[in-house]
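Novice: I am attaching a structure below and will ask some questions about it afterwards.
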Amino acid sequence: GMGGMGGMGGMGNGMGGHPFGSGVGGDDMFGSMGGNSFRRQQSQPQKVEVPLNITLEELYMGTTKRRKVTRSVANRGKVEETLEIQVKPGWKEGTKVTYAGRGDEIPGQPPQDLVFVLTQKPHPVFTREGDDLIVTKRISLVEALTEGNKIDVKSLDGRVLRVGLREVIRPGSERVIAGEGMPKPKYPGQKGNLRIKFDVSFPVHQLSGQAAEDLKRALGG
């Protein structure tokens, strides 16, 4: 079965519990067996964490990753198998997907839990803050001051978002496009925001000719 997201704990204590591991069932199981906290602690399987590299596009769209793992199995030696990891749209870096009992089998201990930890590769255009996506757009001083200019932002699913510059763009200013950020896993159909930060390019040299005329016109002169 598939593992669950991180922070869900429990893992059924390696005794055939649900792979999502509620923890409650594990406590009840040991309670009915007359166990104590020491026995319960001793029976917790070791967790082996493995990084799972993933792109921002894959976190945006959701994906299925397949990974070959080799583990030691009692009386069988090394065994290779392929595990499928279902990545839901909007999951964050650091999310953990746990496969209970799918690590090495060690004599006298429960089989290890195998834990995949999502590790996002750096993206060339976007950075992520929570459910928001952030992109920096470089524009000229004339563009910043001129009404009616538009910029295009290509979304992670390939759409082109055309954004009109309706007001004077000051250095460091930001435009927010609601609902064009990352999907929110807990709220299906909802997304965070796209935040466009502007880097206004000032001329290195004094302006002359057409450039000076353009700026003068932008300033209303």
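Note on naming: chains are A, B, ... as they come in the structure tokens, residues start from 1 per chain, ligands start from 1 in the order shown.
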For Val115 in chain A, find every residue with an atom within 7 Å (counting only C-alpha atoms), except residues of its own chain fewer than 3 positions away, and show them as a VMD selection string.
Specialist: chain A and resid 47 to 50 96 to 99
Novice: Those residues you just picked out, can you put them in a file as a short mmCIF file (atom, residue, chain, number, x, y, z; two decimals), in the first residue's frame with N, CA and C atoms?
Specialist:
data_model
loop_
_atom_site.label_atom_id
_atom_site.label_comp_id
_atom_site.auth_asym_id
_atom_site.auth_seq_id
_atom_site.Cartn_x
_atom_site.Cartn_y
_atom_site.Cartn_z
N LYS A 47 13.25 4.01 11.04
CA LYS A 47 12.84 4.70 9.82
C LYS A 47 14.09 5.06 9.02
N VAL A 48 14.11 4.66 7.77
CA VAL A 48 15.22 4.99 6.87
C VAL A 48 14.72 6.01 5.86
N GLU A 49 15.29 7.24 5.89
CA GLU A 49 14.82 8.31 5.02
C GLU A 49 15.66 8.36 3.74
N VAL A 50 14.94 8.50 2.62
CA VAL A 50 15.57 8.55 1.30
C VAL A 50 15.05 9.80 0.58
N LYS A 96 6.77 13.77 3.66
CA LYS A 96 7.28 12.41 3.80
C LYS A 96 6.22 11.39 3.40
N VAL A 97 6.64 10.43 2.59
CA VAL A 97 5.77 9.33 2.18
C VAL A 97 6.38 8.04 2.74
N THR A 98 5.64 7.38 3.61
CA THR A 98 6.19 6.24 4.36
C THR A 98 5.63 4.91 3.86
N TYR A 99 6.56 3.97 3.64
CA TYR A 99 6.19 2.59 3.33
C TYR A 99 6.54 1.74 4.56
#
Novice: List every residue of range 163-198 of chain A that DSSP, applied to the backbone, labels as strand (DSSP E), and write the result as a list in words.
Specialist: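 Result set for range 163-198 of chain A (strand (DSSP E)): Val163, Gly164, Glu174, Arg175, Val176, Ile177, Leu194, Arg195, Ile196, Lys197 and Phe198 of chain A.
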Novice: Give me the residues near Lys68 in chain A as a list in words, where near means some atom within 7 Å (using only C-alpha atoms) and where sequence neighbours in that chain fewer than 6 positions away do not count.
Specialist: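 Selected residues are Glu80, Glu81, Thr82 and Leu83 of chain A.
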Novice: I need the chosen residues saved as a tab-separated table (two decimals), in the first residue's frame, with all heavy atoms.
Specialist:
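Dumped to out30.tsv:
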chain	number	residue	atom	x	y	z
A	80	GLU	N	15.11	-6.91	-4.84
A	80	GLU	CA	14.86	-5.63	-5.50
A	80	GLU	C	13.40	-5.53	-5.86
A	80	GLU	O	12.79	-6.48	-6.33
A	80	GLU	CB	15.72	-5.52	-6.77
A	80	GLU	CG	15.62	-4.16	-7.46
A	80	GLU	CD	16.48	-4.06	-8.71
A	80	GLU	OE1	17.67	-3.71	-8.60
A	80	GLU	OE2	15.94	-4.37	-9.80
A	81	GLU	N	12.82	-4.35	-5.60
A	81	GLU	CA	11.43	-4.12	-5.99
A	81	GLU	C	11.26	-2.66	-6.39
A	81	GLU	O	12.08	-1.81	-6.04
A	81	GLU	CB	10.46	-4.49	-4.86
A	81	GLU	CG	10.66	-3.73	-3.57
A	81	GLU	CD	9.71	-4.21	-2.48
A	81	GLU	OE1	8.71	-4.88	-2.81
A	81	GLU	OE2	9.96	-3.89	-1.32
A	82	THR	N	10.20	-2.39	-7.13
A	82	THR	CA	9.89	-1.03	-7.57
A	82	THR	C	8.70	-0.50	-6.80
A	82	THR	O	7.65	-1.15	-6.73
A	82	THR	CB	9.59	-1.01	-9.08
A	82	THR	OG1	10.73	-1.50	-9.80
A	82	THR	CG2	9.28	0.41	-9.55
A	83	LEU	N	8.87	0.66	-6.19
A	83	LEU	CA	7.80	1.28	-5.43
A	83	LEU	C	7.27	2.49	-6.21
A	83	LEU	O	8.02	3.22	-6.85
A	83	LEU	CB	8.30	1.73	-4.06
A	83	LEU	CG	8.86	0.64	-3.14
A	83	LEU	CD1	9.37	1.25	-1.84
A	83	LEU	CD2	7.80	-0.41	-2.85
Novice: Closest to Trp91 in chain A among A:Arg159, A:Lys184, A:Arg175, A:Arg71, using only C-alpha atoms?
Specialist: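 Closest to Trp91 in chain A, using only C-alpha atoms: A:Lys184.
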Novice: Name all residues at most 8 Å from Asp131 in chain A (count only C-alpha atoms; drop same-chain ones fewer than 6 positions away) and give them as an mmCIF file with N, CA, C and O atoms, in the first residue's frame.
Specialist:
data_model
loop_
_atom_site.group_PDB
_atom_site.id
_atom_site.type_symbol
_atom_site.label_atom_id
_atom_site.label_comp_id
_atom_site.auth_asym_id
_atom_site.auth_seq_id
_atom_site.Cartn_x
_atom_site.Cartn_y
_atom_site.Cartn_z
ATOM 1 N N GLY A 90 0.433 20.166 -5.189
ATOM 2 C CA GLY A 90 0.543 21.121 -4.096
ATOM 3 C C GLY A 90 1.339 20.651 -2.893
ATOM 4 O O GLY A 90 1.559 21.428 -1.961
ATOM 5 N N GLY A 181 -1.259 30.509 -7.962
ATOM 6 C CA GLY A 181 -0.121 29.929 -7.260
ATOM 7 C C GLY A 181 -0.198 28.412 -7.245
ATOM 8 O O GLY A 181 -0.730 27.787 -8.169
ATOM 9 N N MET A 182 0.298 27.796 -6.175
ATOM 10 C CA MET A 182 0.300 26.343 -6.052
ATOM 11 C C MET A 182 -1.060 25.836 -5.572
ATOM 12 O O MET A 182 -1.751 26.504 -4.803
ATOM 13 N N PRO A 183 -1.448 24.637 -6.022
ATOM 14 C CA PRO A 183 -2.682 24.032 -5.502
ATOM 15 C C PRO A 183 -2.579 23.822 -3.989
ATOM 16 O O PRO A 183 -1.493 23.601 -3.447
ATOM 17 N N LYS A 184 -3.729 23.907 -3.327
ATOM 18 C CA LYS A 184 -3.798 23.668 -1.882
ATOM 19 C C LYS A 184 -4.352 22.267 -1.648
ATOM 20 O O LYS A 184 -5.555 22.034 -1.872
ATOM 21 N N LYS A 191 -6.113 27.524 -5.089
ATOM 22 C CA LYS A 191 -4.677 27.731 -5.266
ATOM 23 C C LYS A 191 -4.248 28.987 -4.518
ATOM 24 O O LYS A 191 -5.064 29.863 -4.218
ATOM 25 N N GLY A 192 -2.950 29.052 -4.255
ATOM 26 C CA GLY A 192 -2.374 30.265 -3.695
ATOM 27 C C GLY A 192 -2.269 31.333 -4.772
ATOM 28 O O GLY A 192 -2.902 31.251 -5.830
ATOM 29 N N ASN A 193 -1.461 32.349 -4.510
ATOM 30 C CA ASN A 193 -1.344 33.486 -5.422
ATOM 31 C C ASN A 193 -0.033 33.457 -6.196
ATOM 32 O O ASN A 193 0.957 32.869 -5.757
#
Novice: What lies within 9 Å of Pro107 in chain A using only C-alpha atoms, ignoring chain neighbours under 3 positions off, as a PyMOL selection string?
Specialist: chain A and resi 74+110-111
Novice: Got time to write the residues from that selection, all heavy atoms, as an mmCIF file, in the first residue's frame?
Specialist:
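Contents of selection-v3.cif, freshly written:
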data_model
loop_
_atom_site.group_PDB
_atom_site.id
_atom_site.type_symbol
_atom_site.label_atom_id
_atom_site.label_comp_id
_atom_site.auth_asym_id
_atom_site.auth_seq_id
_atom_site.Cartn_x
_atom_site.Cartn_y
_atom_site.Cartn_z
ATOM 1 N N ALA A 74 14.787 -11.487 5.349
ATOM 2 C CA ALA A 74 15.191 -12.687 6.074
ATOM 3 C C ALA A 74 14.983 -13.933 5.209
ATOM 4 O O ALA A 74 13.935 -14.089 4.576
ATOM 5 C CB ALA A 74 14.383 -12.804 7.372
ATOM 6 N N PRO A 110 11.476 -5.243 14.280
ATOM 7 C CA PRO A 110 10.492 -5.121 13.187
ATOM 8 C C PRO A 110 11.196 -4.656 11.915
ATOM 9 O O PRO A 110 12.223 -3.982 11.983
ATOM 10 C CB PRO A 110 9.524 -4.048 13.702
ATOM 11 C CG PRO A 110 9.799 -3.907 15.164
ATOM 12 C CD PRO A 110 11.225 -4.297 15.373
ATOM 13 N N PRO A 111 10.668 -5.023 10.751
ATOM 14 C CA PRO A 111 11.254 -4.515 9.502
ATOM 15 C C PRO A 111 11.278 -2.984 9.506
ATOM 16 O O PRO A 111 10.367 -2.342 10.035
ATOM 17 C CB PRO A 111 10.306 -5.051 8.417
ATOM 18 C CG PRO A 111 9.614 -6.216 9.045
ATOM 19 C CD PRO A 111 9.504 -5.893 10.497
#
Novice: Write out as a PyMOL selection string which residues come within 9 Å of Thr136 in chain A when counting only C-alpha atoms, dropping same-chain ones fewer than 5 positions away.
Specialist: chain A and resi 125-126+195-199
Novice: To one decimal place, how far is CA of Ser140 in chain A from CA of Phe202 in chain A in Å?
Specialist: 6.6 Å
Novice: How many Å lie between CA of Ala100 in chain A and CA of Ser43 in chain A, rounded to one decimal?
Specialist: 13.2 Å
Novice: So what do you get for CA of Gly189 in chain A versus CA of Leu133 in chain A, distance-wise?
Specialist: 16.4 Å
Novice: Using only C-alpha atoms, which protein or nucleic acid residues come within 10 Å of Thr55 in chain A? Drop anything in the same chain fewer than 5 positions from it, and give the result as a PDB file with N, CA and C atoms, in the first residue's frame.
Specialist:
ATOM      1  N   TYR A  60       3.386  20.952  -8.792  1.00  0.00           N
ATOM      2  CA  TYR A  60       2.216  21.736  -9.215  1.00  0.00           C
ATOM      3  C   TYR A  60       1.150  20.820  -9.822  1.00  0.00           C
ATOM      4  N   GLU A  93       7.880  20.712  -0.318  1.00  0.00           N
ATOM      5  CA  GLU A  93       9.183  20.102  -0.061  1.00  0.00           C
ATOM      6  C   GLU A  93       9.246  19.665   1.403  1.00  0.00           C
ATOM      7  N   LEU A 118      10.363  14.382   0.049  1.00  0.00           N
ATOM      8  CA  LEU A 118      10.353  15.185  -1.166  1.00  0.00           C
ATOM      9  C   LEU A 118      11.383  16.306  -1.089  1.00  0.00           C
ATOM     10  N   THR A 119      12.237  16.390  -2.103  1.00  0.00           N
ATOM     11  CA  THR A 119      13.267  17.419  -2.197  1.00  0.00           C
ATOM     12  C   THR A 119      13.106  18.127  -3.531  1.00  0.00           C
ATOM     13  N   GLN A 120      12.687  19.407  -3.478  1.00  0.00           N
ATOM     14  CA  GLN A 120      12.412  20.126  -4.725  1.00  0.00           C
ATOM     15  C   GLN A 120      13.698  20.640  -5.364  1.00  0.00           C
ATOM     16  N   LYS A 121      13.816  20.402  -6.666  1.00  0.00           N
ATOM     17  CA  LYS A 121      14.939  20.960  -7.413  1.00  0.00           C
ATOM     18  C   LYS A 121      14.717  22.462  -7.605  1.00  0.00           C
ATOM     19  N   PRO A 122      15.786  23.267  -7.582  1.00  0.00           N
ATOM     20  CA  PRO A 122      15.619  24.714  -7.817  1.00  0.00           C
ATOM     21  C   PRO A 122      14.996  24.967  -9.180  1.00  0.00           C
ATOM     22  N   HIS A 123      14.097  25.960  -9.249  1.00  0.00           N
ATOM     23  CA  HIS A 123      13.431  26.291 -10.505  1.00  0.00           C
ATOM     24  C   HIS A 123      14.056  27.554 -11.095  1.00  0.00           C
TER      25      HIS A 123
END
Novice: Considering only C-alpha atoms, state which residue in the set A:Gln44, A:Gln109, A:Ser201, A:Thr127 is at the smallest distance from Glu143 in chain A.
Specialist: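 Among A:Gln44, A:Gln109, A:Ser201, A:Thr127, it is A:Ser201 that comes nearest to Glu143 in chain A.
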Novice: Counting only C-alpha atoms, which residue out of A:Lys92, A:Arg67, A:Arg76, A:Arg170 sits closest to Leu145 in chain A?
Specialist: A:Arg170
